[in-house]
Amino acid sequence: MDYIELRCKIAAEDIQSISDILIAELNEIGYESYDETDEGLQAYILEKSFDIDKVKKLQANEIPNIQIDYEWELIKTQNWNAVWESNFNPITVEDKCIIRAPFHTDTLKCEFEIIIEPKMSFGTGHHETTFLMLKTMLDLDFKNKTVLDMGCGTGVLAILAKMKGATDITAIDIDEWAYNNTIENIERNNSLDIKVFQGDASLLTDQQFDVIIANINRNILLEDIKHYSKVLKSGGTLLLSGIYDKDLTLIKTETSENNLEYISYIEKNSWVAARFTKN
């Protein structure tokens, strides 16, 4: 599959904040992966789904006193690894976990080392939501737990759960790239017993999980929380990210209506990861 790289050059005092808003809106129209740059943002979408008119109609373009200029080019499938190799730097979380690519050799030694070849999948630890989920997971007990990773991306969260002692792990993503990339990455990290499926929450039937991890986006989370509640064991833990702090009230309302109790959240650059438990 070929992708479009959309380069968003942002003229604003706070480029980071505008980038965050733009990412949230681009998620809604099908963009899958992002690289933040000094000038703004690079975003990636399937060539067949690219529509610059939809981009120019986003509300981010209407924010007073800022300007966003767009350029784009076709990224051929065979060139994707080279694109990532030029942009993907190792990420450390709490000095306990390092996420690196296979071509990184001289890196910090941590308790958990995860080797990721991200390709077109979301979830390297660079984005705040993945980082926050990794940080939250480091403080949880996964020993002998059954775990579901929804919207698994690169598989990095499922792999960390495995490294922390989870014994039955299911990873699901609707995107074919993510599905194949997760399979590659679990092999690379010797986590072969993680079960990987391509699809959405409709795949959840009579399974029961101790921990559910979902790093997706607000609208999908709001639609799928009821499904997560049905397959989460009583007393189980639900971790949600892919949302802004301003979205947390909506999420808390939906979880409360589905027998899920809000526990806490952590925040980075207005993105949050929130923790809930099944009553």
# chains A, B, ... in the order shown; residues from 1 in each chain; ligands from 1

$ residues_around --residues "A:Glu117" --least-positions-apart "6" --cutoff "8 Å" --atoms "only C-alpha atoms" --output "PyMOL selection string"
chain A and resi 101-102+154+181+185

$ write_last_selection --atoms "N, CA and C atoms" --output "mmCIF file, in the first residue's frame"
data_model
loop_
_atom_site.group_PDB
_atom_site.id
_atom_site.type_symbol
_atom_site.label_atom_id
_atom_site.label_comp_id
_atom_site.auth_asym_id
_atom_site.auth_seq_id
_atom_site.Cartn_x
_atom_site.Cartn_y
_atom_site.Cartn_z
ATOM 1 N N ALA A 101 14.705 0.809 17.830
ATOM 2 C CA ALA A 101 14.637 0.093 16.565
ATOM 3 C C ALA A 101 15.800 -0.897 16.471
ATOM 4 N N PRO A 102 15.723 -1.872 15.572
ATOM 5 C CA PRO A 102 16.809 -2.848 15.454
ATOM 6 C C PRO A 102 18.150 -2.221 15.121
ATOM 7 N N THR A 154 1.862 -1.008 16.791
ATOM 8 C CA THR A 154 3.099 -1.769 16.633
ATOM 9 C C THR A 154 3.139 -3.000 17.521
ATOM 10 N N ASN A 181 2.470 -5.661 11.307
ATOM 11 C CA ASN A 181 3.607 -5.112 12.041
ATOM 12 C C ASN A 181 3.674 -5.680 13.454
ATOM 13 N N ASN A 185 6.732 -7.666 15.180
ATOM 14 C CA ASN A 185 7.376 -7.174 16.401
ATOM 15 C C ASN A 185 7.296 -8.157 17.560
#

$ residues_around --residues "A:Glu25" --least-positions-apart "2" --cutoff "8 Å" --atoms "only C-alpha atoms" --output "list in words"
Ile21, Leu22, Ile23, Asn27, Glu28, Ile29, Leu58, Gln59 and Ala60 of chain A

$ residues_around --residues "A:Glu261" --least-positions-apart "2" --cutoff "8 Å" --atoms "only C-alpha atoms" --output "PyMOL selection string"
chain A and resi 255-256+259+263+276-279

$ write_last_selection --atoms "N, CA and C atoms" --output "PDB file, in the first residue's frame"
ATOM      1  N   THR A 255     -18.026   5.647  30.747  1.00  0.00           N
ATOM      2  CA  THR A 255     -17.571   4.521  31.567  1.00  0.00           C
ATOM      3  C   THR A 255     -18.494   4.314  32.763  1.00  0.00           C
ATOM      4  N   SER A 256     -18.938   5.412  33.388  1.00  0.00           N
ATOM      5  CA  SER A 256     -19.834   5.296  34.538  1.00  0.00           C
ATOM      6  C   SER A 256     -21.126   4.594  34.168  1.00  0.00           C
ATOM      7  N   ASN A 259     -20.708   0.570  34.124  1.00  0.00           N
ATOM      8  CA  ASN A 259     -20.235  -0.168  35.299  1.00  0.00           C
ATOM      9  C   ASN A 259     -18.722  -0.099  35.480  1.00  0.00           C
ATOM     10  N   ILE A 263     -10.597   5.843  38.259  1.00  0.00           N
ATOM     11  CA  ILE A 263      -9.598   5.780  39.325  1.00  0.00           C
ATOM     12  C   ILE A 263      -8.662   6.987  39.278  1.00  0.00           C
ATOM     13  N   PHE A 276      -9.469   2.948  34.883  1.00  0.00           N
ATOM     14  CA  PHE A 276     -10.800   2.625  35.411  1.00  0.00           C
ATOM     15  C   PHE A 276     -10.776   1.199  35.934  1.00  0.00           C
ATOM     16  N   THR A 277     -11.766   0.863  36.767  1.00  0.00           N
ATOM     17  CA  THR A 277     -11.902  -0.515  37.231  1.00  0.00           C
ATOM     18  C   THR A 277     -13.350  -0.965  37.090  1.00  0.00           C
ATOM     19  N   LYS A 278     -13.556  -2.248  36.883  1.00  0.00           N
ATOM     20  CA  LYS A 278     -14.908  -2.830  36.719  1.00  0.00           C
ATOM     21  C   LYS A 278     -15.518  -3.076  38.083  1.00  0.00           C
ATOM     22  N   ASN A 279     -16.697  -2.514  38.320  1.00  0.00           N
ATOM     23  CA  ASN A 279     -17.384  -2.700  39.602  1.00  0.00           C
ATOM     24  C   ASN A 279     -17.933  -4.114  39.714  1.00  0.00           C
TER      25      ASN A 279
END

$ closest_residue --among "A:Ile243, A:Leu260, A:Ile68, A:Leu26" --to "A:Lys9" --atoms "only C-alpha atoms"
A:Ile68

$ residues_around --residues "A:Trp271" --least-positions-apart "3" --cutoff "6 Å" --atoms "only C-alpha atoms" --output "MDAnalysis selection string"
chainID A and resid 243:245 267:268

$ residues_around --residues "A:Ile98" --least-positions-apart "2" --cutoff "10 Å" --atoms "only C-alpha atoms" --output "PyMOL selection string"
chain A and resi 90-96+100+107-115+125

$ residues_around --residues "A:Phe50" --least-positions-apart "4" --cutoff "8 Å" --atoms "only C-alpha atoms" --output "ChimeraX atom specification"
/A:4,45-46

$ residues_around --residues "A:Ala178" --least-positions-apart "3" --cutoff "7 Å" --atoms "only C-alpha atoms" --output "list in words"
Ser121, Gly153, Thr154, Asp173, Asp175, Asn181 and Thr182 of chain A

$ select_by_dssp --residues "stretch 124-185 of chain A" --states "alpha helix (DSSP H)" --output "MDAnalysis selection string"
chainID A and resid 128:138 156:163 176:185

$ write_last_selection --atoms "C-alpha atoms" --output "compact mmCIF listing (two decimals), in the first residue's frame"
# COMPACT_ATOMS: atom_id res chain seq x y z
CA GLU A 128 2.30 11.30 24.27
CA THR A 129 -0.51 8.75 24.36
CA THR A 130 1.77 5.73 23.87
CA PHE A 131 4.30 7.16 26.32
CA LEU A 132 1.57 7.69 28.95
CA MET A 133 0.24 4.16 28.49
CA LEU A 134 3.73 2.69 28.87
CA LYS A 135 4.28 4.78 32.01
CA THR A 136 0.96 3.67 33.52
CA MET A 137 1.64 0.03 32.70
CA LEU A 138 5.02 0.12 34.42
CA VAL A 156 4.46 -2.34 21.90
CA LEU A 157 1.91 -2.31 24.75
CA ALA A 158 1.08 -6.00 24.34
CA ILE A 159 4.79 -6.79 24.33
CA LEU A 160 5.37 -4.84 27.54
CA ALA A 161 2.45 -6.69 29.18
CA LYS A 162 4.11 -9.96 28.18
CA MET A 163 7.47 -8.82 29.59
CA GLU A 176 -3.68 -4.37 7.99
CA TRP A 177 -0.32 -2.62 8.39
CA ALA A 178 -0.67 -2.67 12.18
CA TYR A 179 -1.79 -6.31 12.21
CA ASN A 180 1.23 -7.43 10.18
CA ASN A 181 3.61 -5.11 12.04
CA THR A 182 2.48 -6.43 15.43
CA ILE A 183 3.13 -10.00 14.30
CA GLU A 184 6.63 -9.01 13.17
CA ASN A 185 7.38 -7.17 16.40

$ closest_residue --among "A:Ile251, A:Asp210, A:Asp53, A:Lys246" --to "A:Lys226" --atoms "only C-alpha atoms"
A:Ile251

$ closest_residue --among "A:Val196, A:Leu74, A:Ala273, A:Met150" --to "A:Ile225" --atoms "only C-alpha atoms"
A:Met150

$ closest_residue --among "A:Gln208, A:Thr105, A:Thr167, A:Asn217" --to "A:Gly151" --atoms "only C-alpha atoms"
A:Asn217

$ select_by_dssp --residues "stretch 29-198 of chain A" --states "strand (DSSP E)" --output "PyMOL selection string"
chain A and resi 33-36+40-46+67-75+91-93+97-100+112-115+146-150+168-173+195-198

$ atom_distance --atom1 "atom CA of A:Ser234" --atom2 "atom CA of A:Leu192"
28.0 Å

$ closest_residue --among "A:Val231, A:Ala274, A:Leu221, A:Cys8" --to "A:Thr205" --atoms "only C-alpha atoms"
A:Val231
